[in-house]
2 protein chains.
Amino acid sequence: MPQLKAILFDIDDTLFPTTEFARKARRNAVRAMIEAGLDLPEERVARELEEVLAEFTSNYEHHFDKLLMRLRPACLARVNPALIVAAGVAAYHDTKFHELVPYEDVPPFFGALRKAGIRLGILTHGWTVKQAEKLVRLGLVPFLEPSSIFISDQLGISKPNPKLWTLALADMHLLPQEAMYVGDSPEQDIGAPKALGMIAVWASRGAKHGLEPSGIQPDHSIADFRELAAILRERYGVQLATF
Amino acid sequence: MPQLKAILFDIDDTLFPTTEFARKARRNAVRAMIEAGLDLPEERVARELEEVLAEFTSNYEHHFDKLLMRLRPACLARVNPALIVAAGVAAYHDTKFHELVPYEDVPPFFGALRKAGIRLGILTHGWTVKQAEKLVRLGLVPFLEPSSIFISDQLGISKPNPKLWTLALADMHLLPQEAMYVGDSPEQDIGAPKALGMIAVWASRGAKHGLEPSGIQPDHSIADFRELAAILRERYGVQLATF
């Protein structure tokens, strides 16, 4: 078995609880809008916002505008709607930018991996600056190889196209067997790297869907990074300190 | 002389030092980009950013991308440029959203005006949610009449078109002589409201240009809101508490 040299990670719902976090940000936005004068029950506003999100793409400023158009609250006779939208946007931003933290085991795990000589990179789907800003906000940049950040939008290749992983391996001068990929989505994160010969790890903690409906089999399934640390020690001979 | 009933304010460089503040945000962004690996002297990066700003419209994320394209720093062989851009964006955001405070005399002045029975509104040029978010971040919304926020982008009328002030007066059911307008720009904020018969006040503290080149004469010029408070007491009979 060739030596494991590098691990690449997905970001969303793998390094921090993105889905849970976005829900919290939206809830804080709804509460701020009500405090700013929106005269409707929180649950009704929250439900309508979920509908807007399901129907339109992700630009939250316009989402809040649409939300007000749909709700047609009586308060708009007395309050400029921009004040309500702005209160929502500010609360959303504050939550998203200032309560963003990784899963608690990520920084010590990354620190231990670096000490063990493992190279760390990112391979993620999303908008370039948005994904990079998450890494900055999560405080994870110092652990990562600054040239080994692969973002689908920046490369013009989308998950789960295997070209994305092929390109990452080539840029990092790695054989597939020398690299592990860790992600939360069976459909997006497992099949392609595994087919290339990489070690594919499914991180279930933040996953929206289980493995069963997809029929996809990862090399390993983990609930947290302490489990992955044990696998790395026992199965891949990585001299990893406990954390 | 009819009784003064309401005062409308501009936001930028009238209620907070917008220009100085944006300069600080850009400086913090440049420093964060250098910390993230940009291997060039701070002054050179700052100067190039000023050039980008002079040549392109205000979308800072793309500004930072353009900045890197123009600088072509050697570090891009080792660092994904998105990490540098994201570090700049995060620092810019943090400064802009979390160090935003009004001039120190604004909250006590607004509080005293409200106690004296003066109605307070905003008439400002700019993007709707951006301007409204500034009011939220500055903590000034509780002092304002929530229906009396007039934003050029939201109304489809730009400064210094007098229609903007006419519309505000109509919506607030005011005669021009019953209302004062306070702004920092001789060209944008003085001529139109004065021509309509409103009381036009030039706030010089954050002004980029003096009165002389424009030849425009306001009804009053003030260096800060303590000066305006004195004018309101002495010339308009407003029973204003000291602050």
# chains A, B, ... in the order shown; residues from 1 in each chain; ligands from 1
$ select_by_dssp --residues "stretch 57-140 of chain A" --states "helix (DSSP H, G or I)" --output "ChimeraX atom specification"
/A:60-71,74-77,81-98,106-115,128-138
$ closest_atom_pairs --of "chain B" --to "chain A" --cutoff "6 Å" --atoms "only C-alpha atoms" --output "Markdown table"
| residue | atom | partner | partner_atom | distance |
| --- | --- | --- | --- | --- |
| B:Arg78 | CA | A:Ser147 | CA | 5.1 |
| B:Val79 | CA | A:Ser147 | CA | 4.5 |
| B:Asn80 | CA | A:Ser147 | CA | 5.0 |
| B:Ala82 | CA | A:Val129 | CA | 5.8 |
| B:Leu83 | CA | A:Ala132 | CA | 5.4 |
| B:Ala86 | CA | A:Glu133 | CA | 4.6 |
| B:Val129 | CA | A:Ala86 | CA | 5.6 |
| B:Ala132 | CA | A:Leu83 | CA | 5.4 |
| B:Glu133 | CA | A:Ala86 | CA | 4.6 |
| B:Pro146 | CA | A:Val79 | CA | 4.6 |
| B:Ser147 | CA | A:Val79 | CA | 4.5 |
$ residues_around --residues "B:Pro41" --least-positions-apart "6" --cutoff "10 Å" --atoms "only C-alpha atoms" --output "JSON, numbers by chain"
{"B": [30, 31, 34]}
$ write_last_selection --atoms "N, CA and C atoms" --output "PDB file, in the first residue's frame"
ATOM      1  N   VAL B  30      -6.061  45.780   2.714  1.00  0.00           N
ATOM      2  CA  VAL B  30      -4.711  45.654   2.142  1.00  0.00           C
ATOM      3  C   VAL B  30      -3.790  44.925   3.118  1.00  0.00           C
ATOM      4  N   ARG B  31      -3.867  45.303   4.398  1.00  0.00           N
ATOM      5  CA  ARG B  31      -3.011  44.642   5.409  1.00  0.00           C
ATOM      6  C   ARG B  31      -3.352  43.158   5.535  1.00  0.00           C
ATOM      7  N   ILE B  34      -1.891  41.224   2.638  1.00  0.00           N
ATOM      8  CA  ILE B  34      -0.440  41.031   2.805  1.00  0.00           C
ATOM      9  C   ILE B  34      -0.180  39.917   3.824  1.00  0.00           C
TER      10      ILE B  34
END
$ closest_residue --among "B:Asp39, B:Glu99, B:Asp184, B:Glu55" --to "B:Ala74" --atoms "only C-alpha atoms"
B:Asp39
$ atom_distance --atom1 "atom CA of B:Lys159" --atom2 "atom CA of B:Val238"
28.6 Å
$ closest_atom_pairs --of "stretch 95-179 of chain B" --to "stretch 10-18 of chain B" --cutoff "7 Å" --atoms "only C-alpha atoms" --output "JSON lines"
{"residue": "B:Val101", "atom": "CA", "partner": "B:Phe16", "partner_atom": "CA", "distance": 6.6}
{"residue": "B:Pro102", "atom": "CA", "partner": "B:Phe16", "partner_atom": "CA", "distance": 4.4}
{"residue": "B:Tyr103", "atom": "CA", "partner": "B:Phe16", "partner_atom": "CA", "distance": 5.1}
{"residue": "B:Val106", "atom": "CA", "partner": "B:Leu15", "partner_atom": "CA", "distance": 6.7}
{"residue": "B:Ile122", "atom": "CA", "partner": "B:Asp10", "partner_atom": "CA", "distance": 6.0}
{"residue": "B:Leu123", "atom": "CA", "partner": "B:Asp10", "partner_atom": "CA", "distance": 5.4}
{"residue": "B:Thr124", "atom": "CA", "partner": "B:Asp10", "partner_atom": "CA", "distance": 5.0}
$ residues_around --residues "B:Ala230" --least-positions-apart "2" --cutoff "12 Å" --atoms "only C-alpha atoms" --output "PyMOL selection string"
chain B and resi 109+220+222-228+232-243
$ select_by_dssp --residues "stretch 5-189 of chain B" --states "strand (DSSP E)" --output "list in words"
Ala6, Ile7, Leu8, Phe9, Arg119, Leu120, Gly121, Ile122, Leu123, Thr124, Ile149, Phe150, Ile151, Ala179, Met180, Tyr181, Val182 and Gly183 of chain B
$ write_last_selection --atoms "N, CA and C atoms" --output "compact mmCIF listing (two decimals), in the first residue's frame"
# COMPACT_ATOMS: atom_id res chain seq x y z
N ALA B 6 -39.84 69.56 10.99
CA ALA B 6 -39.09 68.34 10.66
C ALA B 6 -37.69 68.66 10.14
N ILE B 7 -36.75 67.75 10.37
CA ILE B 7 -35.41 67.86 9.78
C ILE B 7 -35.10 66.56 9.05
N LEU B 8 -34.69 66.69 7.81
CA LEU B 8 -34.25 65.53 7.03
C LEU B 8 -32.73 65.59 6.90
N PHE B 9 -32.10 64.44 7.00
CA PHE B 9 -30.64 64.37 6.95
C PHE B 9 -30.17 63.49 5.80
N ARG B 119 -39.78 66.14 14.02
CA ARG B 119 -39.81 64.87 13.29
C ARG B 119 -38.51 64.69 12.51
N LEU B 120 -37.96 63.47 12.54
CA LEU B 120 -36.66 63.23 11.90
C LEU B 120 -36.79 62.22 10.76
N GLY B 121 -36.21 62.56 9.63
CA GLY B 121 -36.20 61.66 8.48
C GLY B 121 -34.85 61.67 7.79
N ILE B 122 -34.76 60.85 6.75
CA ILE B 122 -33.53 60.69 5.98
C ILE B 122 -33.85 60.91 4.50
N LEU B 123 -32.99 61.62 3.82
CA LEU B 123 -33.10 61.72 2.36
C LEU B 123 -31.71 61.54 1.82
N THR B 124 -31.49 60.42 1.14
CA THR B 124 -30.12 60.03 0.80
C THR B 124 -30.02 59.43 -0.59
N ILE B 149 -38.06 57.71 5.35
CA ILE B 149 -36.72 57.37 4.87
C ILE B 149 -36.80 57.41 3.34
N PHE B 150 -36.13 58.34 2.73
CA PHE B 150 -36.23 58.53 1.28
C PHE B 150 -34.88 58.22 0.65
N ILE B 151 -34.86 57.18 -0.18
CA ILE B 151 -33.60 56.72 -0.77
C ILE B 151 -33.73 56.81 -2.29
N ALA B 179 -39.61 72.59 6.94
CA ALA B 179 -38.63 71.50 6.94
C ALA B 179 -37.23 72.00 6.65
N MET B 180 -36.27 71.38 7.33
CA MET B 180 -34.85 71.68 7.15
C MET B 180 -34.18 70.46 6.51
N TYR B 181 -33.20 70.71 5.63
CA TYR B 181 -32.40 69.60 5.09
C TYR B 181 -30.93 69.83 5.41
N VAL B 182 -30.25 68.77 5.87
CA VAL B 182 -28.85 68.87 6.28
C VAL B 182 -28.01 67.89 5.47
N GLY B 183 -27.03 68.40 4.75
CA GLY B 183 -26.15 67.53 3.96
C GLY B 183 -24.76 68.12 3.81
$ closest_residue --among "A:Lys5, A:Asn161, A:His209, A:Ile231" --to "A:Ala116" --atoms "only C-alpha atoms"
A:Lys5
$ residues_around --residues "B:Gly215" --least-positions-apart "5" --cutoff "12 Å" --atoms "only C-alpha atoms" --output "list in words"
Pro186, Glu187, Ile190, Gly191, His209 and Gly210 of chain B
$ atom_distance --atom1 "atom CA of B:Met69" --atom2 "atom CA of A:Pro160"
29.5 Å
$ atom_distance --atom1 "atom CA of B:Arg70" --atom2 "atom CA of B:Ala46"
12.4 Å
$ residues_around --residues "stretch 164-171 of chain B" --least-positions-apart "4" --cutoff "7 Å" --atoms "only C-alpha atoms" --output "PyMOL selection string"
chain B and resi 150+157+175-176+193
$ write_last_selection --atoms "all heavy atoms" --output "JSON list (two decimals), in the first residue's frame"
[["chain", "number", "residue", "atom", "x", "y", "z"],
["B", 150, "PHE", "N", -36.13, 58.34, 2.73],
["B", 150, "PHE", "CA", -36.23, 58.53, 1.28],
["B", 150, "PHE", "C", -34.88, 58.22, 0.65],
["B", 150, "PHE", "O", -33.88, 58.89, 0.93],
["B", 150, "PHE", "CB", -36.69, 59.95, 0.96],
["B", 150, "PHE", "CG", -38.00, 60.29, 1.63],
["B", 150, "PHE", "CD1", -38.02, 60.96, 2.85],
["B", 150, "PHE", "CD2", -39.20, 59.88, 1.07],
["B", 150, "PHE", "CE1", -39.23, 61.23, 3.50],
["B", 150, "PHE", "CE2", -40.42, 60.15, 1.69],
["B", 150, "PHE", "CZ", -40.43, 60.83, 2.92],
["B", 157, "ILE", "N", -35.41, 58.42, -8.37],
["B", 157, "ILE", "CA", -35.06, 59.84, -8.58],
["B", 157, "ILE", "C", -33.70, 60.06, -7.92],
["B", 157, "ILE", "O", -33.48, 59.64, -6.79],
["B", 157, "ILE", "CB", -36.07, 60.78, -7.90],
["B", 157, "ILE", "CG1", -37.51, 60.44, -8.34],
["B", 157, "ILE", "CG2", -35.74, 62.24, -8.21],
["B", 157, "ILE", "CD1", -38.58, 61.11, -7.47],
["B", 175, "LEU", "N", -45.06, 71.76, 4.56],
["B", 175, "LEU", "CA", -44.71, 72.88, 3.67],
["B", 175, "LEU", "C", -43.19, 72.97, 3.63],
["B", 175, "LEU", "O", -42.53, 72.63, 4.62],
["B", 175, "LEU", "CB", -45.28, 74.19, 4.23],
["B", 175, "LEU", "CG", -46.80, 74.28, 4.31],
["B", 175, "LEU", "CD1", -47.21, 75.52, 5.09],
["B", 175, "LEU", "CD2", -47.40, 74.28, 2.91],
["B", 176, "PRO", "N", -42.63, 73.45, 2.53],
["B", 176, "PRO", "CA", -41.16, 73.55, 2.47],
["B", 176, "PRO", "C", -40.58, 74.32, 3.65],
["B", 176, "PRO", "O", -39.56, 73.93, 4.22],
["B", 176, "PRO", "CB", -40.91, 74.30, 1.15],
["B", 176, "PRO", "CG", -42.11, 74.04, 0.31],
["B", 176, "PRO", "CD", -43.27, 73.89, 1.26],
["B", 193, "PRO", "N", -33.03, 71.83, -2.27],
["B", 193, "PRO", "CA", -33.99, 72.10, -1.18],
["B", 193, "PRO", "C", -34.16, 73.60, -0.92],
["B", 193, "PRO", "O", -35.27, 74.05, -0.62],
["B", 193, "PRO", "CB", -33.37, 71.38, 0.03],
["B", 193, "PRO", "CG", -31.95, 71.12, -0.32],
["B", 193, "PRO", "CD", -31.91, 70.99, -1.80]]
